[in-house]
Structure formats: C-alpha cells, structure tokens
Amino acid sequence: MEVLSKISGILSDKMTYKQLSAIASAIITVICFFRAYIFTKELLICMTVGMILLITDIMLCSLDDTAQGAAVCIVLVLLNTSGAALSVMNNTNSVKLITIIIVSVIFAVVFYRILPYIVKFVINSELGTNITLYSMIGVTLVVYTVLFFCKEVNGARAWLFIGGISIQLTEITKMICILALSIIFASKYLSTKCQFIWCLGFLIMNVSFLAVHNEFGTACIITLVITIIHFLFSRKRRGIIFIVIVILLVMTAVIVSDVLYPRLEGLDTENIAVKIVNKIYTRVHQSDNYQTDLAALGIINGGLFGASSDYIIDIPVRDSDFAFANLCQYFGNLSGIIVICCFIFVIYSLYRYFIQTERFDYRFHLAGVFIITITIQAIIVIFTNTGLFPVVGIGMPYVSEGGSQNILNYIMAVTIVSAFSSHSDEIRPLFKKRTKGKEIFA
Amino acid sequence: MNIRYITKLKLVSAVLTASLLVGICANMAKAGMIAVNRESANEHGEMVARIKRDKASYSTVLGDICDRNDDLIMNSNDVIVKSSNEYDNAYTYVLGNIHFDTPGILNTQYDVLTDTSYSEDYDKGTGIRLTIDDTLQKSIYSMIEGKRKAVVVMEKESGRILAMVSSYEEPFSLSGNPSYEQLESYSKASQPVWLNEALNCYPSGSVMKVMTSAAAIDSGKGDFTVNDYGSVSFNGKTISDSYVADGSLVDILTAFIKSSNVYFSSIAVELGNEIMKDYVNRFLLNGRIVTDFGIINNRSLLKKKKNNDFAIGTFGYGQGGEFSTVTLCMIVQGALTGKIWQPHIISGTFCYDEDGEMEDLTETEEKVLSENIVSQETCKAVEQLMKASAEDKGLAEDVGVKSGTAEITLGNGIEGNRATMVGISQDKYIIAISEISEGTLYGSSHKELMRNITDLLREY
C-alpha cells in the first residue's frame, strides 16, 4: 500500500509497516476509549480495557510486515477497538470483558501455532483430509445433540450453560464448518465431485440441525458462506448447480411454510415442525416493528459524531443484533460509514490477495473463507439495522459483544493477517495492481 | 492467479461490495444525512425532538386508552414512563413498558395506537377501549401493591378480562429504595422484575386439581376412591401429601377439600396417558396462546407421546408444567362452562369526531378457543367441589375456590414458592391470584384477599 509506504518513509527511514500499524492502532485505541470515557466518565475501566486491547492489537500488528498486511491489521483493529469501546459504553461488566479478551487471545495464539501442523498432517495427506472431515462431522453432530439438552434462550437453543458460564455452541459448529470448507478446497486429494458432495453434506447437516434448534441466524450465514465459497473455489460449472440447489431448497422452505402456517392454529406449538414453520413464516413476512423503529431513532439520534450521554435511545439487543445501530448512536453515523468502509476494504484486500498470489494453499483458502464469512455477517447485521433484512439474531463481527464470537473473531484476525505474511514475497502495492496484475496473468 | 477464478472473484467481490454500499446508503438515508426522503427524515427528527422535550426516557404521542366505561386511562399527551417514581402502578403491566420490553398493549397494539389516519389531529393515534374496569383495577392494585403478586378477574362466560393487576416486590438482593438504574441493571442481570406476573409462567400447584377433577368426573371416574397413607410411589419416585394422612379412604370431595396429592396423582394415573393428554389439549395447556396483551407460553410436562406414571401423577396434582395466572382463569373457565374463550383486554377501538366525541371504529369479537371440554353435568359437579372448598375456608356461599402451592426455582437459583388461588364469584366472575415468594407461602394465605375481591365484585 503506497500511502502507508509514503507515511512510513516520511516518519522515519527505518520505520517498518509493523511499527506503523502499531502506532495507528494506539491512536485508534486512544480515540475510541477517549470517546468511551467522555460518555461513561469511568476513567479506570476505560484505561484498563484500552491498555489490554492495545497490547493485543500490537501482538496482531507484529504478525505481518507488509503494506497490505498492515492495512488489513489497522482495519481489523479499528473494528475490534470500536466494538470493545462500545461494550464499555454499554456498561458491560469490565472483568468479563477483559477475561473474554484474554481468553480470545489465548485461543488465537494456540490456533496460530497449530496452523502449520494442520497444513502438514491434514491438507498434505489424503488420510488426514478424510479423517479430519469425518471427525468434523462427528463433532458437529455431538454438539448439536448436546444442544437438545440445553435450555432455550429467546426461542432458540444455541447456548450451553456451565456453572454461570454460557458458551454459544452454534459458534463452534460455525467455526468447524468454516474450517471444513477451507480443508475441502485446499486439499489436493478431493475431486470436484467430492468437494460438491462434502459442501452439500455440511450445508444440509448444519441447516437441518440449526432449524430444529430454531437458530436461523447461524443457518443463514452458513448457507450463504458455503454457497459463495463453493461458487468461488469450485471447478467446472458445479458452483452454478450448487447455487440453484440452494435457491430451490430455500424457496421450498418458504413456500411450504406459507402453505402450512394458516393451518397451525390449535396445534401444539412445542412441536418442532410447528416451531420451524412458525419461525420461517414470521421471519419471511416480518414487517417493520418497534425494534427496527427504535434502531432507526438511535441512528438518527447519533448524528454525525455521536449522541450525548444525556439522551440515549435504548435500542433493543444493542449488544448483538442491533450493535451497528448502537455504534451509530454512540460514535456517530460517520463512524458507521467508516466501519462499512472497513469491510469494503477487507473485501478489496481479499481481491488483491487473490489476484496476486500463485500459491493456493491452506492459508489462502482459510483467509478467503474467513473474510467472506465476516463480510456476509456484517452485511446481514447492517441490513437488519437499517430495516432492509428481517431480524435473524446474529451479531456483527468485531462490533457485537459475546465471548464465543469474540474468540472466533480473534482467530479470524490472526489467520487473515498471517495469511498475507506467508505470501509476503508475492504481495504487491495495492494501488498499482492493474498493470502488474496483468503481467502475472499474462 | 489461475484465470478461472477471476470472473467469479470479481462477481463475488462486486456483489459483497455493492451490498455494503447499499448499507451505507441505507444508513445515510435513515440518518437523514442525505435528502433521499427528507420528509421521512424530518418526521423521525420531529419525533426525536418531541421525546427530548419531554425529558423522559420514552414517550410517544399515541391514541387515547380508556376503560370499559369510557373513563380515560391514558391520555395521548401522557408520558408513559415519566420518572423513576412511576415504574410501578396499576397499569404498568397492562400497558406494558416500552423501555423494558415488557408485554402489554403499548407493544402489541403499537401500530393501532400510532395510526393517525382516523384523526383530524395529526398527533392523535387511534384510541383503544379496554375491557378493564378502572375502579376495580385500581382497588385490586391497592390491595396487592408491594408484593410480587398478580390478580386476574375474568368474566365467566366470555374472554373479557375486567382486571389484570401485577405488582412487583422489591428485588430480593436490593435493599432500601433502589434507583431506576439499579432496577434496570438488576432486571437484566438476574431476576426478571419487569415481567408481568399475570403472564409469567410457573407451576400452578394444586389449582390444577380443578382440571384433574373435571377430567376424572367427565371420564366417569368421579366415584374413584383411594386409601390415603400420605404418600404414593410411581416409577420408584414418591409423591407426598402436605398434611399428615391417616390411611382412610378418601373420595373426590374430601380429596379436593384437603388437597390430597396422593388422590389426584392416583386418579391421573388411573385415567392414563391418553385421557390426561386429551384433557390437557382441551384445556389448551400444551402451547402458546396469543392475546392482545402479550403471549402466554404455557408449558405442560405431558407433551411427549408417551409419559410415565410419575409424570402423569405429578401433572395430576399440579407440579407438572408452568402456567400463567391468566391460564389459571382459563382452566376454571373450561371446567365450569365447558368452553374457553380467547382472553382479551381490548373491547374495541375508537376515534374522535369533529366535536371531540368518541366514535367507535371496531369491536373485538368473542372467540371460542376450545369447546365441549367437559359436559354440563361435570361443570356443575366441579362447581360444587369449589364451593365446598370455599365453605371449608369460611368464604361466602356464592364463592367457590381452590388454592395451591407450588415449589419453584427463582431466576437467581433460590428455591421459592408460588402460592395460587382460583375462585368463582356470583356465578359470573372468575378470579385467579398468584404470588411468588422466596420463603414458604401457601395458597390458602390468599383467603382474605379473595374475600376482599369477591366483596368488591358484589358492589360492582
């Protein structure tokens, strides 16, 4: 990224991208938590959380020393820091917040360390690929079975409660599905037909169980991610066939729910089939309700630079589903637009990365799957908050609260940034792409 | 990069980027930062400005709400949540609380109340007339204020609710005079203090014996007797009475008055899985009931295809499911009339004509949700049982009651009780009382409250 190189050059001849992204992260953290302090007047909490976050951000920045890696790193830090500052402004328990950050960092470091072993023993071995994929199916089935014994929260069974700690098990199944997707397309030992069957298998298994557990938000994300990833990475025309199959399945579900819904009256609403039909129908025919009205008022109340603490619209589920509207209210609509631009930049960097690299290894596929997952999730939440999509109950990556999602966010951030590092020799300046890109394909 | 990826990649990137750009546009449009829909943005802006002016958490200028006698309960200029001192009053849970997302007609009927199409005045939404009687509502509220208690009074032969009062007890872990913020934080953290106790579902206790009696008599088992030794076992688990039994033979009348768990669990097992499930479905205890003031999520333990004897017995004496206070009224209604009407608190809507006079717009139709539940002979028999129980408790002749005590686990993990009592007064009104308590509390302790309410209804 030329702009970064120039700034780096102006600041010091010896300044690296790593140092530059660390300085940018520090500035972002100070701005976000200064805003949080102005709002909450809780100096100690803001400083403690800010410092811990800054340390983790610097750890992330140290992973890569390329212009593109640094740029993506800054963007992810901006998203993550604004999310954490938002949590402080939401009066989230600071001890819980710090614990989540530390646990997430531990998980991310562990994942980063075992990544080379995954490549060695899973991707580069036929037996390893098959054993891993079958194991993933087994673990997914076990998790969904455990969910049958968990209690419902807001109509969906997605949480396991152990001694005061709640774990969102559907985040684990989502993570497994994403990893499986990257393995399916990174492995040299799976034919196009096999890739198609594995993808369809994972899609049907996850969506069926998630429907039974009434967790349509995760089902929606998994369906979109698998379909787009299969379309992107599959050979021949199977990608189109896959999309057609998914569209037909979704249309069938919608039509069946439309036909059956009027006949549900008097039936046992605890019945799983009745619950599924109910849920699909109400989601598809969901009109504007007071939740989205309040979110709209929150967005308006935010103005350009954020609302004052004297008057705040209490947006429902502001820490997850309506986190974007809440961000617009607390940080202003300018921040909302910056956050959307961040996601556009992430997509753009993925595009740059794809057209420049010549090595289609595991990290390549993993980074692709992760970036597409967070972008889709962000799009759904932004659309939900602005009234363009029904409320399906999912959080915005890096901005919404939630321990399980935070762990996944950190793992994704580490993987995406380190992916650029592994291909540092192939990465070219972002804004010179056209001519040099063509040279590569020539 | 391999050429085969390029087109697909461009397409995917373009779609995702376009979606995010749409997100930006939608955000800007919503925020009124661009003049895509200036009018709509201004409208929103005015609304926010109005709320700011009120200096209240939330207030919207809605349609008027009046009681069945056209006495105004909420004027459109009223602020719904005015200050920290007014978070609990006679109508808090009937109207609902937008701030805390509690069920109530401000949430369920928001579209009606903000519909200004019938109004000459732009600010005035459509008015709603309730079935509630203002005097009755306020009188009952004054009787239960400060306790975590709910009272529902319903007409016997319709779904009209004449009073639906909920109050809350000062949260157990908070002492002194908790601030609004403390309550809000506490509500979110643990105990649902803002839940409408009239809709909140907990085990019913022995009040369920009204349904079990009706099922038994209607199935021809009214002459069933059992030797009550104080406990009985099913599937290796024991069900016990709450009193010392002497092993004597008890019939349905004695068991109903003494509230024998042994008798009612035994008779439920005698009736068997299929019959009990049939009556559970007839009494609508197996699912959710949508009303105009919120959703009642009844949960019965007899929802499986096959249930073991212990589950059936447990249900028979009142510990096998979770039911709201409104549901308790519906159980009595089903047992005493053979029908259950859809409970409702809205009798219709109205607007104002040019002279400022109320003009009716719609009227709520009575809807029967379940009929032929039990025969008319059974209804009379159950009424006799309830009147005998009332006589035993020293209540008036025109009153019939059944009390119950259920063991519950509160949201903070503490064991507590739900003390319930249902009654019939003057053969016209059904009353249900429910109270949640951390300590030991028995349903029969509501005797005085029931006496006061039935006295009130006599004057009504």
# chains A, B, ... in the order shown; residues from 1 in each chain; ligands from 1
call {"tool": "residues_around", "arguments": {"residues": "A:Leu408", "least_positions_apart": "4", "cutoff": "12 Å", "atoms": "only C-alpha atoms", "output": "MDAnalysis selection string"}}
result
chainID A and resid 100:101 103:109 111 168:176 178:179 370 373:374 397:398 401:404 412:415
call {"tool": "select_by_dssp", "arguments": {"residues": "stretch 53-120 of chain A", "states": "alpha helix (DSSP H)", "output": "VMD selection string"}}
result
chain A and resid 53 to 61 67 to 89 94 to 118
call {"tool": "atom_distance", "arguments": {"atom1": "atom CA of A:Tyr353", "atom2": "atom CA of A:Ile27"}}
result
26.8 Å
call {"tool": "residues_around", "arguments": {"residues": "A:Leu327", "least_positions_apart": "3", "cutoff": "7 Å", "atoms": "only C-alpha atoms", "output": "mmCIF file with N, CA and C atoms, in the first residue's frame"}}
result
data_model
loop_
_atom_site.group_PDB
_atom_site.id
_atom_site.type_symbol
_atom_site.label_atom_id
_atom_site.label_comp_id
_atom_site.auth_asym_id
_atom_site.auth_seq_id
_atom_site.Cartn_x
_atom_site.Cartn_y
_atom_site.Cartn_z
ATOM 1 N N LEU A 86 -17.514 0.180 22.620
ATOM 2 C CA LEU A 86 -18.985 0.146 22.649
ATOM 3 C C LEU A 86 -19.474 -0.692 23.836
ATOM 4 N N ALA A 323 -26.157 -3.982 17.145
ATOM 5 C CA ALA A 323 -24.891 -3.353 17.540
ATOM 6 C C ALA A 323 -24.503 -2.240 16.576
ATOM 7 N N PHE A 324 -24.841 -2.409 15.317
ATOM 8 C CA PHE A 324 -24.450 -1.386 14.343
ATOM 9 C C PHE A 324 -25.209 -0.080 14.602
ATOM 10 N N TYR A 330 -23.741 5.837 19.435
ATOM 11 C CA TYR A 330 -22.696 6.218 20.388
ATOM 12 C C TYR A 330 -21.517 6.943 19.725
ATOM 13 N N PHE A 331 -21.122 6.469 18.541
ATOM 14 C CA PHE A 331 -19.945 7.034 17.884
ATOM 15 C C PHE A 331 -20.284 7.956 16.721
ATOM 16 N N GLY A 336 -20.201 4.875 11.638
ATOM 17 C CA GLY A 336 -20.925 3.783 10.981
ATOM 18 C C GLY A 336 -20.449 3.605 9.559
#
call {"tool": "closest_residue", "arguments": {"among": "A:Ala67, A:Ile245, A:Ile416, A:Val225", "to": "chain B", "atoms": "only C-alpha atoms"}}
result
A:Val225
call {"tool": "residues_around", "arguments": {"residues": "A:Gln329", "least_positions_apart": "6", "cutoff": "9 Å", "atoms": "only C-alpha atoms", "output": "compact mmCIF listing (two decimals) with N, CA and C atoms, in the first residue's frame"}}
result
# COMPACT_ATOMS: atom_id res chain seq x y z
N ALA A 295 -34.22 1.31 16.48
CA ALA A 295 -32.87 1.32 15.89
C ALA A 295 -32.73 2.53 14.98
N LEU A 297 -34.39 5.33 15.20
CA LEU A 297 -34.31 6.52 16.05
C LEU A 297 -32.91 6.67 16.64
N GLY A 298 -32.32 5.51 17.00
CA GLY A 298 -30.96 5.52 17.55
C GLY A 298 -29.97 6.05 16.54
N ILE A 299 -30.12 5.61 15.28
CA ILE A 299 -29.20 6.06 14.22
C ILE A 299 -29.34 7.57 14.03
N ILE A 300 -30.59 8.03 14.05
CA ILE A 300 -30.82 9.48 13.88
C ILE A 300 -30.24 10.24 15.08
N ASN A 301 -30.49 9.69 16.24
CA ASN A 301 -30.03 10.35 17.47
C ASN A 301 -28.50 10.48 17.51
N GLY A 302 -27.81 9.54 16.83
CA GLY A 302 -26.35 9.55 16.83
C GLY A 302 -25.76 10.76 16.14
N GLY A 303 -26.50 11.32 15.19
CA GLY A 303 -25.97 12.47 14.44
C GLY A 303 -24.69 12.10 13.71
N LEU A 304 -23.80 13.06 13.55
CA LEU A 304 -22.58 12.78 12.80
C LEU A 304 -21.48 12.23 13.71
N PHE A 305 -21.40 12.75 14.93
CA PHE A 305 -20.29 12.36 15.81
C PHE A 305 -20.73 11.66 17.10
N GLY A 306 -21.97 11.25 17.19
CA GLY A 306 -22.42 10.50 18.37
C GLY A 306 -23.30 11.33 19.29
N ALA A 307 -24.20 10.61 19.98
CA ALA A 307 -25.15 11.29 20.87
C ALA A 307 -24.50 11.60 22.21
N ILE A 312 -30.13 9.01 25.36
CA ILE A 312 -29.76 7.84 24.57
C ILE A 312 -31.01 7.00 24.33
N ILE A 313 -31.23 6.62 23.09
CA ILE A 313 -32.34 5.71 22.80
C ILE A 313 -31.90 4.30 23.22
N GLY A 336 -20.20 4.87 11.64
CA GLY A 336 -20.93 3.78 10.98
C GLY A 336 -20.45 3.60 9.56
call {"tool": "residues_around", "arguments": {"residues": "A:Ile240", "least_positions_apart": "6", "cutoff": "12 Å", "atoms": "only C-alpha atoms", "output": "ChimeraX atom specification"}}
result
/A:196,227-234,246-247 /B:8
call {"tool": "residues_around", "arguments": {"residues": "B:Ile289", "least_positions_apart": "3", "cutoff": "12 Å", "atoms": "only C-alpha atoms", "output": "number ranges by chain"}}
result
A: 265-270; B: 199, 283-286, 292-299, 323-324, 326-327, 330, 340-344, 369-370
call {"tool": "write_last_selection", "arguments": {"atoms": "N, CA and C atoms", "output": "compact mmCIF listing (two decimals), in the first residue's frame"}}
result
# COMPACT_ATOMS: atom_id res chain seq x y z
N GLU A 265 -53.03 -23.31 13.60
CA GLU A 265 -53.85 -22.94 14.75
C GLU A 265 -54.35 -24.18 15.49
N GLY A 266 -54.17 -24.18 16.75
CA GLY A 266 -54.65 -25.31 17.56
C GLY A 266 -53.64 -26.42 17.72
N LEU A 267 -52.55 -26.38 16.93
CA LEU A 267 -51.54 -27.44 17.06
C LEU A 267 -50.60 -27.11 18.22
N ASP A 268 -49.95 -28.14 18.70
CA ASP A 268 -49.02 -27.99 19.81
C ASP A 268 -47.81 -27.16 19.36
N THR A 269 -47.64 -25.99 19.94
CA THR A 269 -46.56 -25.11 19.48
C THR A 269 -45.18 -25.56 19.97
N GLU A 270 -45.16 -26.58 20.83
CA GLU A 270 -43.87 -27.12 21.26
C GLU A 270 -43.33 -28.10 20.22
N LEU B 199 -48.67 -12.85 33.31
CA LEU B 199 -48.32 -13.65 32.12
C LEU B 199 -47.17 -14.60 32.41
N PHE B 283 -57.90 -28.27 27.45
CA PHE B 283 -57.75 -27.08 28.30
C PHE B 283 -56.65 -26.14 27.79
N LEU B 284 -56.10 -26.43 26.63
CA LEU B 284 -55.10 -25.58 25.95
C LEU B 284 -53.84 -25.37 26.81
N LEU B 285 -53.47 -26.43 27.52
CA LEU B 285 -52.32 -26.28 28.42
C LEU B 285 -51.00 -26.68 27.78
N ASN B 286 -51.08 -27.03 26.50
CA ASN B 286 -49.88 -27.57 25.87
C ASN B 286 -49.24 -26.63 24.87
N ASP B 292 -54.22 -10.18 23.00
CA ASP B 292 -53.95 -8.80 22.58
C ASP B 292 -53.05 -8.04 23.55
N PHE B 293 -52.69 -8.68 24.67
CA PHE B 293 -51.79 -8.00 25.61
C PHE B 293 -50.45 -8.72 25.75
N GLY B 294 -50.23 -9.77 24.99
CA GLY B 294 -48.95 -10.48 25.05
C GLY B 294 -49.15 -11.96 24.77
N ILE B 295 -48.07 -12.69 24.88
CA ILE B 295 -48.13 -14.12 24.57
C ILE B 295 -47.99 -14.93 25.85
N ILE B 296 -48.87 -15.94 26.00
CA ILE B 296 -48.79 -16.80 27.17
C ILE B 296 -48.13 -18.10 26.73
N ASN B 297 -46.98 -18.38 27.31
CA ASN B 297 -46.23 -19.58 26.92
C ASN B 297 -46.46 -20.69 27.93
N ASN B 298 -47.62 -21.35 27.85
CA ASN B 298 -47.88 -22.48 28.74
C ASN B 298 -46.96 -23.63 28.41
N ARG B 299 -46.47 -24.29 29.42
CA ARG B 299 -45.61 -25.45 29.17
C ARG B 299 -46.07 -26.61 30.04
N PHE B 323 -47.66 -22.46 34.13
CA PHE B 323 -48.83 -21.79 33.57
C PHE B 323 -48.97 -20.40 34.18
N SER B 324 -49.47 -19.49 33.35
CA SER B 324 -49.62 -18.10 33.81
C SER B 324 -50.86 -17.95 34.68
N VAL B 326 -53.26 -15.89 34.04
CA VAL B 326 -54.40 -15.84 33.10
C VAL B 326 -54.83 -17.27 32.76
N THR B 327 -53.85 -18.15 32.59
CA THR B 327 -54.18 -19.55 32.27
C THR B 327 -54.99 -20.20 33.39
N MET B 330 -58.39 -19.50 32.86
CA MET B 330 -58.91 -20.27 31.71
C MET B 330 -59.21 -21.71 32.10
N ILE B 340 -63.60 -22.49 26.51
CA ILE B 340 -62.59 -21.49 26.86
C ILE B 340 -62.58 -20.43 25.76
N TRP B 341 -62.80 -19.19 26.16
CA TRP B 341 -62.78 -18.08 25.20
C TRP B 341 -61.38 -17.49 25.16
N GLN B 342 -61.09 -16.83 24.05
CA GLN B 342 -59.79 -16.17 23.97
C GLN B 342 -59.75 -15.00 24.95
N PRO B 343 -58.80 -15.00 25.89
CA PRO B 343 -58.76 -13.88 26.83
C PRO B 343 -58.34 -12.60 26.12
N HIS B 344 -58.98 -11.51 26.46
CA HIS B 344 -58.61 -10.24 25.83
C HIS B 344 -58.90 -9.07 26.75
N LEU B 369 -61.90 -20.61 21.91
CA LEU B 369 -60.67 -21.34 21.54
C LEU B 369 -60.85 -22.85 21.70
N SER B 370 -61.68 -23.24 22.65
CA SER B 370 -61.89 -24.68 22.87
C SER B 370 -63.31 -24.88 23.40
call {"tool": "residues_around", "arguments": {"residues": "B:Gly321", "least_positions_apart": "6", "cutoff": "7 Å", "atoms": "only C-alpha atoms", "output": "count of residues only"}}
result
5
call {"tool": "closest_residue", "arguments": {"among": "B:Cys66, B:Val290, B:Val207, B:Ile373", "to": "chain A", "atoms": "only C-alpha atoms"}}
result
B:Val290
